[in-house]
Amino acid sequence: KLPDECAVKAIMLYGPSGSGKTMMVEAIANELGALLINISPARVKGTFPGKNGMTKLVHMLNCVAKDVKNAPVVVYIDQCDQYFVGGGKKAKNTDKDGPGRFKKDLLTYKQQAFTKDDRVIIIGTSSSPEKGDIKDMKNFFDKFLYLPYPDYPSRLMLWRKFIKDQLALAETGARRDIPDDFDLSTLAHISEGFSSGAICKTVKKTLTKRRVERLDKRPHNEAEFLNTLALEASRNQLSYQNDMEAFREFTSNITGLTDERKKIKDAKEGGDG
């Protein structure tokens, strides 16, 4: 049996859209051979109305997840920040019928109903973690993992992998490979600020099945991808800079670095710390 301090019952994955958070959840469930239960806000919206509706949903989740016949179980919450909206004065501006109404019951059942011996793990994902309440999320999640934008070596691997996957779509049976003089390095450089999902989408839009089948008549080259990249470039770069700052600040807050830095600053300035 694991000691209490090693028992992880809830993990939060945060990072930009298209960074692979949902794919990571599906990979974990597949590796474990687990039952995947999706209680994302989009799935429960408009359901379980009434004063006791919140408790009904979470209680049903508890009954299914703790049943040994269903074990192991992965509970998936996409855009989990919507469950952990701020309280106090902020609560007046939130939707009373929104996902935030499930927060109290989720926290109660997670802390009291699920034990370290249950084969249940809750995985939340968010591309906007700063919209949730830091205190509530720290109380609910045991671990926080950041899935970042891919760096240059990762983008190089992604371009190669996605292009090879598209080349395999040809029905002619002929094996197609990326030409030796194909400039993947330049594509990796200019796609800085694009998520893995954005690169995948770009490749699929450019190398369609019809285009792959016509490669014998008109070979492809790296310039073909520029138009599709250009359509998203300005939006992605703006989002990239804003997202990086937001994720950096959230990481500092959730790990306690912000408080530590404040203590150091106060000490240097002669304050009481």
# chains A, B, ... in the order shown; residues from 1 in each chain; ligands from 1
>>> residues_around(residues="Gly15 in chain A", least_positions_apart="6", cutoff="7 Å", atoms="only C-alpha atoms", output="list of chain:residue names")
A:Ser126, A:Ser127, A:Tyr146, A:Leu147, A:Pro148
>>> residues_around(residues="Ser128 in chain A", least_positions_apart="4", cutoff="8 Å", atoms="only C-alpha atoms", output="mmCIF file with N, CA, C and O atoms, in the first residue's frame")
data_model
loop_
_atom_site.group_PDB
_atom_site.id
_atom_site.type_symbol
_atom_site.label_atom_id
_atom_site.label_comp_id
_atom_site.auth_asym_id
_atom_site.auth_seq_id
_atom_site.Cartn_x
_atom_site.Cartn_y
_atom_site.Cartn_z
ATOM 1 N N TYR A 14 -2.019 21.340 -17.896
ATOM 2 C CA TYR A 14 -2.364 22.636 -18.472
ATOM 3 C C TYR A 14 -1.345 23.020 -19.525
ATOM 4 O O TYR A 14 -0.172 22.645 -19.472
ATOM 5 N N GLY A 15 -1.814 23.751 -20.509
ATOM 6 C CA GLY A 15 -0.964 24.150 -21.616
ATOM 7 C C GLY A 15 -1.824 24.656 -22.761
ATOM 8 O O GLY A 15 -3.059 24.634 -22.688
ATOM 9 N N PRO A 16 -1.214 25.120 -23.836
ATOM 10 C CA PRO A 16 -1.959 25.693 -24.959
ATOM 11 C C PRO A 16 -2.839 24.672 -25.666
ATOM 12 O O PRO A 16 -2.599 23.458 -25.584
ATOM 13 N N GLN A 79 -11.168 21.413 -19.744
ATOM 14 C CA GLN A 79 -11.391 22.798 -19.328
ATOM 15 C C GLN A 79 -11.873 22.842 -17.879
ATOM 16 O O GLN A 79 -12.894 23.454 -17.551
ATOM 17 N N ASP A 81 -10.923 24.391 -15.418
ATOM 18 C CA ASP A 81 -10.953 25.695 -14.740
ATOM 19 C C ASP A 81 -12.378 26.214 -14.583
ATOM 20 O O ASP A 81 -12.665 27.000 -13.680
ATOM 21 N N GLY A 132 -9.381 29.958 -13.437
ATOM 22 C CA GLY A 132 -9.872 29.261 -12.255
ATOM 23 C C GLY A 132 -9.308 29.869 -10.984
ATOM 24 O O GLY A 132 -8.378 30.679 -11.012
#
>>> select_by_dssp(residues="range 21-98 of chain A", states="strand (DSSP E or B)", output="PyMOL selection string")
chain A and resi 35-38+73-77
>>> write_last_selection(atoms="C-alpha atoms", output="PDB file, in the first residue's frame")
ATOM      1  CA  LEU A  35     -12.763   2.979 -18.066  1.00  0.00           C
ATOM      2  CA  LEU A  36     -12.739   6.628 -19.164  1.00  0.00           C
ATOM      3  CA  ILE A  37     -15.506   8.772 -17.683  1.00  0.00           C
ATOM      4  CA  ASN A  38     -15.876  12.236 -19.211  1.00  0.00           C
ATOM      5  CA  VAL A  73     -11.102   4.289 -13.821  1.00  0.00           C
ATOM      6  CA  VAL A  74      -9.871   7.568 -15.293  1.00  0.00           C
ATOM      7  CA  VAL A  75     -12.185  10.546 -14.694  1.00  0.00           C
ATOM      8  CA  TYR A  76     -11.580  13.179 -17.367  1.00  0.00           C
ATOM      9  CA  ILE A  77     -12.458  16.865 -16.917  1.00  0.00           C
TER      10      ILE A  77
END
>>> residues_around(residues="Thr208 in chain A", least_positions_apart="4", cutoff="10 Å", atoms="only C-alpha atoms", output="ChimeraX atom specification")
/A:166-167,169-170,203-204,212-213
>>> write_last_selection(atoms="N, CA and C atoms", output="compact mmCIF listing (two decimals), in the first residue's frame")
# COMPACT_ATOMS: atom_id res chain seq x y z
N GLN A 166 0.85 11.56 -43.68
CA GLN A 166 0.02 11.97 -44.82
C GLN A 166 0.46 11.29 -46.10
N LEU A 167 1.76 11.10 -46.25
CA LEU A 167 2.25 10.43 -47.46
C LEU A 167 1.77 8.98 -47.53
N LEU A 169 -1.13 8.01 -47.08
CA LEU A 169 -2.54 7.97 -47.48
C LEU A 169 -2.74 7.50 -48.91
N ALA A 170 -1.69 7.52 -49.71
CA ALA A 170 -1.82 7.17 -51.12
C ALA A 170 -2.31 5.74 -51.28
N VAL A 203 -0.34 20.45 -41.84
CA VAL A 203 0.10 19.39 -42.74
C VAL A 203 -1.11 18.71 -43.41
N LYS A 204 -2.15 18.46 -42.64
CA LYS A 204 -3.32 17.78 -43.20
C LYS A 204 -4.05 18.66 -44.22
N VAL A 212 -1.64 13.96 -52.29
CA VAL A 212 -0.66 12.88 -52.16
C VAL A 212 -0.71 11.96 -53.38
N GLU A 213 -1.90 11.70 -53.88
CA GLU A 213 -2.05 10.81 -55.03
C GLU A 213 -1.51 11.43 -56.32
>>> closest_residue(among="A:Pro99, A:Glu249, A:Ser185, A:Pro72", to="Glu31 in chain A", atoms="only C-alpha atoms")
A:Pro72
>>> residues_around(residues="Ile121 in chain A", least_positions_apart="5", cutoff="12 Å", atoms="only C-alpha atoms", output="compact mmCIF listing (two decimals) with C-alpha atoms, in the first residue's frame")
# COMPACT_ATOMS: atom_id res chain seq x y z
CA ALA A 7 -1.18 8.76 -3.19
CA VAL A 8 -2.06 10.95 -6.18
CA LYS A 9 -5.80 11.04 -6.78
CA ALA A 10 -6.03 14.08 -9.08
CA ILE A 11 -3.69 15.58 -11.68
CA MET A 12 -4.09 18.74 -13.72
CA VAL A 25 -5.49 11.44 -21.02
CA ILE A 28 -3.10 6.97 -19.95
CA ALA A 29 -6.53 5.32 -20.08
CA LEU A 32 -4.10 1.21 -17.99
CA ALA A 34 -9.16 1.90 -17.82
CA LEU A 35 -12.76 2.98 -18.07
CA LEU A 36 -12.74 6.63 -19.16
CA ILE A 37 -15.51 8.77 -17.68
CA ASN A 62 -18.53 7.90 -7.16
CA ALA A 65 -15.77 4.67 -10.20
CA LYS A 66 -15.53 2.78 -6.89
CA ALA A 71 -11.52 -0.58 -12.11
CA PRO A 72 -9.28 1.04 -13.06
CA VAL A 73 -11.10 4.29 -13.82
CA VAL A 74 -9.87 7.57 -15.29
CA VAL A 75 -12.19 10.55 -14.69
CA TYR A 76 -11.58 13.18 -17.37
CA ILE A 77 -12.46 16.87 -16.92
CA LYS A 110 -12.56 13.50 -3.94
CA PHE A 114 -12.02 8.22 -2.90
CA THR A 115 -9.25 6.56 -0.92
CA LYS A 116 -5.66 5.76 -1.88
CA PHE A 141 -5.38 18.62 -7.58
CA ASP A 142 -2.37 16.83 -6.11
CA LYS A 143 -0.04 17.42 -9.05
>>> closest_residue(among="A:Pro179, A:Pro41, A:Gly124, A:Gly197", to="Glu222 in chain A", atoms="only C-alpha atoms")
A:Pro179
>>> closest_residue(among="A:Thr22, A:Ser154, A:Thr228, A:Thr47", to="Lys201 in chain A", atoms="only C-alpha atoms")
A:Thr228
>>> closest_residue(among="A:Thr258, A:Thr108, A:Ser19, A:Thr251", to="Ser195 in chain A", atoms="only C-alpha atoms")
A:Ser19
>>> closest_residue(among="A:Val85, A:Leu257, A:Ile190, A:Leu207", to="Lys135 in chain A", atoms="only C-alpha atoms")
A:Val85
